[in-house]
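Input: a single structure, listed below in structure tokens.
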Amino acid sequence: MLRKNSIFIKMLILMLSGITIISFVLIVASSNIAERILLNQVVRNASANMNIAKDELLRYNDQVVNAMLQINSSHEFKDYITKPANTTLEQINLAITLGRYIDVYKEYLSPEKSHIIVSGLPGEGGRHYSSNALKWEKIPQDIVSTYMTIDGNIPNRISYHSSPDLFAETVPYDNYIFATKPLVDSSTGWMYGYAAVVMDEQNIKQKYNAYIAKGIHISLISSDGTILSSSDKDSISKRDPERLSLAAQAASQQDGVWTESEDKETYISYYLPEFNAYLLEEINQRAAFAPLYSLSAEIFKVVSVVLVISLVFVYFLSRRITHPLNKLVKTMKTSKGNNLIFHPLEENGSYETNILAKTYNRLIKEIDQYTERLVHEEQERRKADLNALQMQINPHFLYNTLSSIKYLSKMHHTVQVDQTIDSLISLLQSTLGSTEDMVTVDTEIESLKHYVFINRIRYGEQIGVHYEIAEDCRQLLVPKLIIQPFVENAFFHAYPGYVSGNIHIFIHRFEEHLIIEIMDDGVGMKYAEDQVNEKKRHHLSGIGISNVHGRIQLLFGPQYGVHIQSEEGYGTAVKITLPASRKEAYENSA
């Protein structure tokens, strides 16, 4: 007989209505949410990539600017293109002088994948120079009039240009851009010639080529709408006012990002005054997110079929559940428990769940007590393990330290002998004398400094150890001997032989977490994460890296622990995450 508030009726109504509503809501919402999340992520990544590309372009522009300034300030170039030479010997001397100058300043006159042109003004009988040895004699005659003259004037600035045919016969590049600058005498203001740097457009494209993907298009557009460089080869050297307008519109927005929701187009643009051009990235969401749209359609089909099957299945499943539940209720009525402290389930549901809740509340008492006992025993066992490990002082460390003290004594370094003995005593007291599992950051760092002092006495001053500890972290609690294994690891593995370096220890607080970071600039490791699970214990106290990680997770849970990042040749970074707790709070929780 079905009761009015039975679990069958409630389950049937809840599951049928819930599955129906949630399925259709998820189908509609998941696609939009996924697209929005993906777009935000793509835009963030694209903005970061565009900034990198912009920096690369600006660095390349610096090479061009340096070449132009070097040419403009050179008397050798000026004399070569303007100074009269009535004899062959005078001409040869001018050429030799210029050649020596170029050899000395070649580094500043050779932007990457380019060649330079220095020429007197057309029609005035000046000479010219080209670093393109194969076509040095072919210099276009209309550079000044066509590309450098604006409203009858020639601005004294560096300008970038693009042309499909100006240097077509003189450069080995498929596409190219060139920069021009008038050469002006600084004392008189007389323009005696011009300089041009002809660059391979492919080299410009390489600055952003790594960030091009399906549906993503990047261009460098001059302020007059000419495409200087582009991921679309066919558009190079052409004018595109529409794309220029999009670039200007996006550059005026916050963070340089503008989205056209209806067209599903996103534009990221930065204005580069050095080039007098816009760096524009166009993201076509339909093309870039095509797999997502295809997946959404497939999900809709699958969910529709699953929904129909689920409706039928839920009905028959609900009916079948009631019969075994009645047997289970009878069985659970016979269960007995003791009076224990626990959090009981509410007993105001359906008929079947009321019985289940009452029986569960009795059983959970025993489970809570058993769990508490297990946790307490495990904590006690862990403390005993730690105490045992603390007694396992590495004898080699003591032998070497005592040998160092003996050597210092023979050398009559009494002050260092006293300091080394004091540090060893303090280190042994902190390692062996105290059974506390938790100590303050100040106490842990003090013990660490004694350890570092002894090691620097033994191995010299070539490894520096630096501490940066936030003031609000000094009285926070950490597990004892948590930092020393990683510093020891850096001393003996990061700097083989007599390599010098630095170890940095940073301790700061982030929200409710205490972050400890140990970084070295040593040789690094190939498999950094394996260090967390290493089983060898060659450390001062026997407390290895895996022991530190296991202690933290046992004390505070799986969300805390040790994370190691390392790269061969660049050093190692260890990050330890702990809860930010003080002594009073720890004692109360214990």
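How things are named: the first chain in the structure tokens is A, the next is B, and so on; residues count from 1 in each chain; ligands count from 1 in the order shown.
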Legend entry - Exercise: A:Ala195 partners within 7 Å, only C-alpha atoms, chain neighbours under 3 positions left out, as a list of chain:residue names: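 Within the cut-off, the hits are A:Met68, A:Ile117, A:Val118, A:Ser119, A:Thr180, A:Lys181, A:Pro182, A:Leu183.
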I'd like the neighbourhood of stretch 162-166 of chain A as a JSON list (two decimals) with all heavy atoms, in the first residue's frame, where a residue qualifies if any of its atoms comes within 8 Å (using only C-alpha atoms), though same-chain residues fewer than 4 positions away should be ignored.
```json
[["chain", "number", "residue", "atom", "x", "y", "z"],
["A", 140, "PRO", "N", 65.70, 53.03, -55.79],
["A", 140, "PRO", "CA", 64.52, 53.72, -56.33],
["A", 140, "PRO", "C", 64.68, 55.23, -56.22],
["A", 140, "PRO", "O", 65.20, 55.75, -55.25],
["A", 140, "PRO", "CB", 63.39, 53.21, -55.43],
["A", 140, "PRO", "CG", 63.90, 51.92, -54.88],
["A", 140, "PRO", "CD", 65.37, 52.08, -54.73],
["A", 175, "ASN", "N", 57.69, 39.49, -49.42],
["A", 175, "ASN", "CA", 57.04, 40.75, -49.05],
["A", 175, "ASN", "C", 57.99, 41.52, -48.16],
["A", 175, "ASN", "O", 58.84, 40.93, -47.48],
["A", 175, "ASN", "CB", 55.71, 40.49, -48.31],
["A", 175, "ASN", "CG", 54.66, 39.86, -49.20],
["A", 175, "ASN", "OD1", 54.15, 40.46, -50.11],
["A", 175, "ASN", "ND2", 54.37, 38.58, -48.94],
["A", 176, "TYR", "N", 57.85, 42.81, -48.13],
["A", 176, "TYR", "CA", 58.78, 43.62, -47.35],
["A", 176, "TYR", "C", 58.09, 44.90, -46.91],
["A", 176, "TYR", "O", 57.07, 45.33, -47.47],
["A", 176, "TYR", "CB", 60.03, 43.96, -48.18],
["A", 176, "TYR", "CG", 59.69, 44.63, -49.50],
["A", 176, "TYR", "CD1", 59.53, 45.99, -49.60],
["A", 176, "TYR", "CD2", 59.51, 43.85, -50.66],
["A", 176, "TYR", "CE1", 59.19, 46.58, -50.81],
["A", 176, "TYR", "CE2", 59.18, 44.43, -51.85],
["A", 176, "TYR", "CZ", 59.01, 45.81, -51.94],
["A", 176, "TYR", "OH", 58.67, 46.38, -53.12],
["A", 177, "ILE", "N", 58.64, 45.51, -45.88],
["A", 177, "ILE", "CA", 58.27, 46.87, -45.50],
["A", 177, "ILE", "C", 59.57, 47.65, -45.36],
["A", 177, "ILE", "O", 60.66, 47.05, -45.25],
["A", 177, "ILE", "CB", 57.46, 46.91, -44.18],
["A", 177, "ILE", "CG1", 58.33, 46.46, -43.00],
["A", 177, "ILE", "CG2", 56.22, 46.07, -44.26],
["A", 177, "ILE", "CD1", 57.62, 46.58, -41.67],
["A", 178, "PHE", "N", 59.48, 48.96, -45.40],
["A", 178, "PHE", "CA", 60.69, 49.75, -45.27],
["A", 178, "PHE", "C", 60.42, 50.99, -44.44],
["A", 178, "PHE", "O", 59.31, 51.52, -44.41],
["A", 178, "PHE", "CB", 61.28, 50.12, -46.64],
["A", 178, "PHE", "CG", 60.37, 50.96, -47.50],
["A", 178, "PHE", "CD1", 60.52, 52.33, -47.59],
["A", 178, "PHE", "CD2", 59.34, 50.37, -48.24],
["A", 178, "PHE", "CE1", 59.69, 53.10, -48.39],
["A", 178, "PHE", "CE2", 58.51, 51.13, -49.04],
["A", 178, "PHE", "CZ", 58.67, 52.50, -49.11],
["A", 226, "THR", "N", 47.17, 51.22, -44.72],
["A", 226, "THR", "CA", 47.98, 50.26, -45.47],
["A", 226, "THR", "C", 48.37, 49.09, -44.58],
["A", 226, "THR", "O", 48.83, 49.28, -43.45],
["A", 226, "THR", "CB", 49.25, 50.94, -46.02],
["A", 226, "THR", "OG1", 48.87, 52.04, -46.84],
["A", 226, "THR", "CG2", 50.07, 49.95, -46.84],
["A", 227, "ILE", "N", 48.20, 47.88, -45.08],
["A", 227, "ILE", "CA", 48.57, 46.68, -44.33],
["A", 227, "ILE", "C", 50.09, 46.49, -44.46],
["A", 227, "ILE", "O", 50.60, 46.12, -45.52],
["A", 227, "ILE", "CB", 47.84, 45.44, -44.86],
["A", 227, "ILE", "CG1", 46.33, 45.67, -44.89],
["A", 227, "ILE", "CG2", 48.17, 44.23, -44.00],
["A", 227, "ILE", "CD1", 45.70, 45.90, -43.55],
["A", 228, "LEU", "N", 50.82, 46.75, -43.39],
["A", 228, "LEU", "CA", 52.27, 46.58, -43.40],
["A", 228, "LEU", "C", 52.66, 45.12, -43.29],
["A", 228, "LEU", "O", 53.60, 44.66, -43.94],
["A", 228, "LEU", "CB", 52.90, 47.38, -42.27],
["A", 228, "LEU", "CG", 52.66, 48.90, -42.26],
["A", 228, "LEU", "CD1", 53.29, 49.53, -41.03],
["A", 228, "LEU", "CD2", 53.21, 49.53, -43.53],
["A", 236, "ILE", "N", 48.69, 42.11, -47.80],
["A", 236, "ILE", "CA", 49.87, 42.92, -47.52],
["A", 236, "ILE", "C", 50.05, 43.97, -48.60],
["A", 236, "ILE", "O", 49.88, 43.71, -49.80],
["A", 236, "ILE", "CB", 51.13, 42.03, -47.41],
["A", 236, "ILE", "CG1", 50.99, 41.06, -46.23],
["A", 236, "ILE", "CG2", 52.39, 42.87, -47.24],
["A", 236, "ILE", "CD1", 52.10, 40.04, -46.14],
["A", 237, "SER", "N", 50.39, 45.20, -48.18],
["A", 237, "SER", "CA", 50.64, 46.37, -49.04],
["A", 237, "SER", "C", 49.35, 46.97, -49.61],
["A", 237, "SER", "O", 49.42, 47.96, -50.34],
["A", 237, "SER", "CB", 51.60, 46.04, -50.19],
["A", 237, "SER", "OG", 52.87, 45.64, -49.69]]
```
Inset, instruction - Pull the helix (DSSP H, G or I) assignments for stretch 441-505 of chain A out of DSSP run on the backbone, and list those residues as number ranges by chain. - result: A: 441-459, 471-473, 484-494
Taking 4 positions as the minimum chain separation for residues in the same chain, which residues sit within 12 Å of A:Asn93 when counting only C-alpha atoms? Answer as a short mmCIF file (atom, residue, chain, number, x, y, z; two decimals) with all heavy atoms, in the first residue's frame.
```cif
data_model
loop_
_atom_site.label_atom_id
_atom_site.label_comp_id
_atom_site.auth_asym_id
_atom_site.auth_seq_id
_atom_site.Cartn_x
_atom_site.Cartn_y
_atom_site.Cartn_z
N GLU A 76 81.09 60.08 -41.79
CA GLU A 76 81.54 59.24 -42.88
C GLU A 76 80.45 59.06 -43.94
O GLU A 76 80.70 59.16 -45.14
CB GLU A 76 81.99 57.88 -42.35
CG GLU A 76 83.30 57.90 -41.57
CD GLU A 76 83.11 58.39 -40.12
OE1 GLU A 76 81.97 58.72 -39.77
OE2 GLU A 76 84.12 58.45 -39.40
N ASP A 79 79.91 62.50 -45.67
CA ASP A 79 80.95 62.81 -46.64
C ASP A 79 80.83 61.94 -47.88
O ASP A 79 81.02 62.40 -49.01
CB ASP A 79 82.33 62.61 -46.00
CG ASP A 79 82.64 63.67 -44.96
OD1 ASP A 79 81.96 64.73 -44.94
OD2 ASP A 79 83.56 63.44 -44.15
N TYR A 80 80.48 60.65 -47.65
CA TYR A 80 80.42 59.73 -48.78
C TYR A 80 79.36 60.14 -49.79
O TYR A 80 79.55 60.05 -51.00
CB TYR A 80 80.16 58.31 -48.28
CG TYR A 80 80.05 57.30 -49.40
CD1 TYR A 80 81.20 56.79 -50.01
CD2 TYR A 80 78.81 56.87 -49.88
CE1 TYR A 80 81.11 55.88 -51.05
CE2 TYR A 80 78.72 55.97 -50.92
CZ TYR A 80 79.88 55.47 -51.49
OH TYR A 80 79.79 54.58 -52.52
N LYS A 83 80.21 64.79 -50.31
CA LYS A 83 81.49 65.46 -50.50
C LYS A 83 81.98 65.29 -51.96
O LYS A 83 82.00 64.18 -52.48
CB LYS A 83 82.54 64.89 -49.54
CG LYS A 83 83.83 65.70 -49.51
CD LYS A 83 84.74 65.16 -48.42
CE LYS A 83 86.02 65.99 -48.35
NZ LYS A 83 86.93 65.49 -47.26
N PRO A 84 82.37 66.40 -52.58
CA PRO A 84 82.87 66.29 -53.96
C PRO A 84 84.14 65.44 -54.00
O PRO A 84 84.97 65.48 -53.10
CB PRO A 84 83.16 67.75 -54.35
CG PRO A 84 82.36 68.57 -53.40
CD PRO A 84 82.29 67.80 -52.13
N ALA A 85 84.30 64.69 -55.07
CA ALA A 85 85.51 63.89 -55.29
C ALA A 85 85.87 64.01 -56.76
O ALA A 85 85.22 63.41 -57.62
CB ALA A 85 85.27 62.44 -54.89
N ASN A 86 86.89 64.78 -57.03
CA ASN A 86 87.25 65.08 -58.42
C ASN A 86 88.16 64.03 -59.04
O ASN A 86 88.33 63.99 -60.27
CB ASN A 86 87.94 66.46 -58.49
CG ASN A 86 87.00 67.56 -58.02
OD1 ASN A 86 85.81 67.53 -58.32
ND2 ASN A 86 87.52 68.53 -57.26
N THR A 87 88.79 63.26 -58.20
CA THR A 87 89.70 62.23 -58.72
C THR A 87 89.26 60.84 -58.24
O THR A 87 88.52 60.71 -57.27
CB THR A 87 91.15 62.48 -58.27
OG1 THR A 87 91.21 62.32 -56.84
CG2 THR A 87 91.61 63.88 -58.64
N THR A 88 89.76 59.85 -58.94
CA THR A 88 89.46 58.47 -58.55
C THR A 88 90.01 58.16 -57.17
O THR A 88 89.38 57.46 -56.36
CB THR A 88 90.07 57.48 -59.57
OG1 THR A 88 89.55 57.78 -60.86
CG2 THR A 88 89.73 56.05 -59.19
N LEU A 89 91.17 58.71 -56.84
CA LEU A 89 91.77 58.48 -55.53
C LEU A 89 90.90 59.03 -54.41
O LEU A 89 90.72 58.38 -53.37
CB LEU A 89 93.17 59.12 -55.47
CG LEU A 89 93.93 58.94 -54.14
CD1 LEU A 89 94.14 57.46 -53.84
CD2 LEU A 89 95.26 59.68 -54.19
N THR A 97 87.08 54.97 -46.20
CA THR A 97 86.71 55.54 -44.90
C THR A 97 85.33 55.05 -44.46
O THR A 97 85.12 54.67 -43.31
CB THR A 97 86.71 57.08 -44.98
OG1 THR A 97 88.01 57.52 -45.39
CG2 THR A 97 86.36 57.69 -43.63
N LEU A 98 84.38 55.04 -45.42
CA LEU A 98 83.03 54.55 -45.09
C LEU A 98 83.07 53.07 -44.74
O LEU A 98 82.40 52.62 -43.79
CB LEU A 98 82.09 54.79 -46.27
CG LEU A 98 80.65 54.29 -46.07
CD1 LEU A 98 80.01 55.03 -44.90
CD2 LEU A 98 79.83 54.47 -47.33
N GLY A 99 83.87 52.30 -45.46
CA GLY A 99 83.95 50.87 -45.18
C GLY A 99 84.47 50.59 -43.79
O GLY A 99 83.97 49.71 -43.08
N ARG A 100 85.51 51.35 -43.36
CA ARG A 100 86.03 51.16 -42.01
C ARG A 100 84.98 51.51 -40.97
O ARG A 100 84.84 50.83 -39.95
CB ARG A 100 87.27 52.04 -41.83
CG ARG A 100 88.48 51.56 -42.63
CD ARG A 100 89.61 52.57 -42.56
NE ARG A 100 90.79 52.09 -43.30
CZ ARG A 100 91.84 52.84 -43.57
NH1 ARG A 100 91.87 54.11 -43.16
NH2 ARG A 100 92.87 52.35 -44.24
#
```
Inset, instruction - Please return as a list in words: the residues of stretch 257-305 of chain A that backbone DSSP assigns to strand (DSSP E or B). - result: Val257, Trp258, Thr259, Glu260, Glu265, Thr266, Tyr267, Ile268, Ser269, Tyr270, Tyr271, Leu272, Ala277, Tyr278, Leu279, Leu280, Glu281, Glu282, Ile283 and Asn284 of chain A
Legend entry - Selection near stretch 475-490 of chain A, 7 Å with only C-alpha atoms, sequence-local residues under 2 positions removed, as a list in words: Asp437, Met438, Val439, Thr440, Val441, Asp442, Glu444, Leu448, Cys473, Phe492, His493, Ala494, Asp520, His539, Ile543, Gly544, Ile545, Val548, Ala580, Ser581, Arg582 and Lys583 of chain A
Could you take the residues named above and write them with N, CA, C and O atoms, as an mmCIF file, in the first residue's frame?
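And here is the file that came out, again_12.cif:
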```cif
data_model
loop_
_atom_site.group_PDB
_atom_site.id
_atom_site.type_symbol
_atom_site.label_atom_id
_atom_site.label_comp_id
_atom_site.auth_asym_id
_atom_site.auth_seq_id
_atom_site.Cartn_x
_atom_site.Cartn_y
_atom_site.Cartn_z
ATOM 1 N N ASP A 437 55.264 19.457 17.984
ATOM 2 C CA ASP A 437 55.105 19.251 16.546
ATOM 3 C C ASP A 437 54.992 20.571 15.800
ATOM 4 O O ASP A 437 55.350 20.652 14.628
ATOM 5 N N MET A 438 54.479 21.610 16.466
ATOM 6 C CA MET A 438 54.273 22.914 15.837
ATOM 7 C C MET A 438 55.121 23.969 16.545
ATOM 8 O O MET A 438 55.178 23.998 17.773
ATOM 9 N N VAL A 439 55.775 24.826 15.748
ATOM 10 C CA VAL A 439 56.564 25.936 16.285
ATOM 11 C C VAL A 439 56.219 27.190 15.494
ATOM 12 O O VAL A 439 55.630 27.117 14.410
ATOM 13 N N THR A 440 56.599 28.363 16.012
ATOM 14 C CA THR A 440 56.338 29.604 15.288
ATOM 15 C C THR A 440 57.313 29.736 14.124
ATOM 16 O O THR A 440 58.363 29.092 14.098
ATOM 17 N N VAL A 441 56.927 30.581 13.157
ATOM 18 C CA VAL A 441 57.796 30.833 12.010
ATOM 19 C C VAL A 441 59.140 31.375 12.484
ATOM 20 O O VAL A 441 60.198 30.983 11.987
ATOM 21 N N ASP A 442 59.133 32.295 13.478
ATOM 22 C CA ASP A 442 60.376 32.855 14.003
ATOM 23 C C ASP A 442 61.290 31.753 14.540
ATOM 24 O O ASP A 442 62.509 31.744 14.302
ATOM 25 N N GLU A 444 61.251 28.514 13.758
ATOM 26 C CA GLU A 444 61.714 27.675 12.650
ATOM 27 C C GLU A 444 62.844 28.350 11.877
ATOM 28 O O GLU A 444 63.847 27.717 11.532
ATOM 29 N N LEU A 448 66.783 27.321 11.387
ATOM 30 C CA LEU A 448 67.310 27.228 10.028
ATOM 31 C C LEU A 448 68.589 28.053 9.874
ATOM 32 O O LEU A 448 69.547 27.631 9.223
ATOM 33 N N CYS A 473 53.484 37.196 9.666
ATOM 34 C CA CYS A 473 53.617 35.741 9.621
ATOM 35 C C CYS A 473 54.543 35.192 10.704
ATOM 36 O O CYS A 473 54.612 33.976 10.892
ATOM 37 N N PHE A 492 73.166 20.742 -1.259
ATOM 38 C CA PHE A 492 73.952 19.600 -1.702
ATOM 39 C C PHE A 492 73.667 19.161 -3.127
ATOM 40 O O PHE A 492 74.457 18.406 -3.701
ATOM 41 N N HIS A 493 72.552 19.615 -3.715
ATOM 42 C CA HIS A 493 72.211 19.146 -5.055
ATOM 43 C C HIS A 493 72.124 20.253 -6.080
ATOM 44 O O HIS A 493 72.293 19.999 -7.272
ATOM 45 N N ALA A 494 71.805 21.487 -5.656
ATOM 46 C CA ALA A 494 71.616 22.576 -6.627
ATOM 47 C C ALA A 494 72.926 23.175 -7.091
ATOM 48 O O ALA A 494 72.992 23.781 -8.150
ATOM 49 N N ASP A 520 65.994 28.442 -5.461
ATOM 50 C CA ASP A 520 67.433 28.535 -5.713
ATOM 51 C C ASP A 520 67.688 28.697 -7.200
ATOM 52 O O ASP A 520 66.819 28.394 -8.021
ATOM 53 N N HIS A 539 68.952 13.493 5.163
ATOM 54 C CA HIS A 539 68.931 14.833 5.744
ATOM 55 C C HIS A 539 69.395 14.820 7.197
ATOM 56 O O HIS A 539 69.490 13.787 7.854
ATOM 57 N N ILE A 543 64.345 13.678 8.348
ATOM 58 C CA ILE A 543 63.025 14.077 7.852
ATOM 59 C C ILE A 543 63.173 14.484 6.408
ATOM 60 O O ILE A 543 63.665 15.564 6.099
ATOM 61 N N GLY A 544 62.772 13.630 5.477
ATOM 62 C CA GLY A 544 62.943 13.899 4.065
ATOM 63 C C GLY A 544 61.768 14.676 3.491
ATOM 64 O O GLY A 544 60.811 15.016 4.171
ATOM 65 N N ILE A 545 61.854 14.931 2.174
ATOM 66 C CA ILE A 545 60.837 15.746 1.502
ATOM 67 C C ILE A 545 59.483 15.059 1.526
ATOM 68 O O ILE A 545 58.457 15.679 1.795
ATOM 69 N N VAL A 548 57.838 15.475 4.878
ATOM 70 C CA VAL A 548 57.245 16.812 5.072
ATOM 71 C C VAL A 548 55.883 16.870 4.418
ATOM 72 O O VAL A 548 54.894 17.339 5.009
ATOM 73 N N ALA A 580 46.953 29.371 7.873
ATOM 74 C CA ALA A 580 47.524 30.448 8.701
ATOM 75 C C ALA A 580 46.871 30.392 10.078
ATOM 76 O O ALA A 580 45.750 30.837 10.280
ATOM 77 N N SER A 581 47.572 29.783 11.069
ATOM 78 C CA SER A 581 47.007 29.631 12.407
ATOM 79 C C SER A 581 48.020 30.065 13.457
ATOM 80 O O SER A 581 49.226 29.918 13.271
ATOM 81 N N ARG A 582 47.488 30.614 14.559
ATOM 82 C CA ARG A 582 48.335 31.022 15.678
ATOM 83 C C ARG A 582 48.286 29.963 16.778
ATOM 84 O O ARG A 582 47.470 29.025 16.731
ATOM 85 N N LYS A 583 49.127 30.146 17.793
ATOM 86 C CA LYS A 583 49.275 29.134 18.830
ATOM 87 C C LYS A 583 47.965 28.917 19.575
ATOM 88 O O LYS A 583 47.564 27.786 19.841
#
```
Legend entry - atom CA of A:Asn49 to atom CA of A:Lys264, distance in Å rounded to a single decimal: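 So the answer is 20.8 Å.
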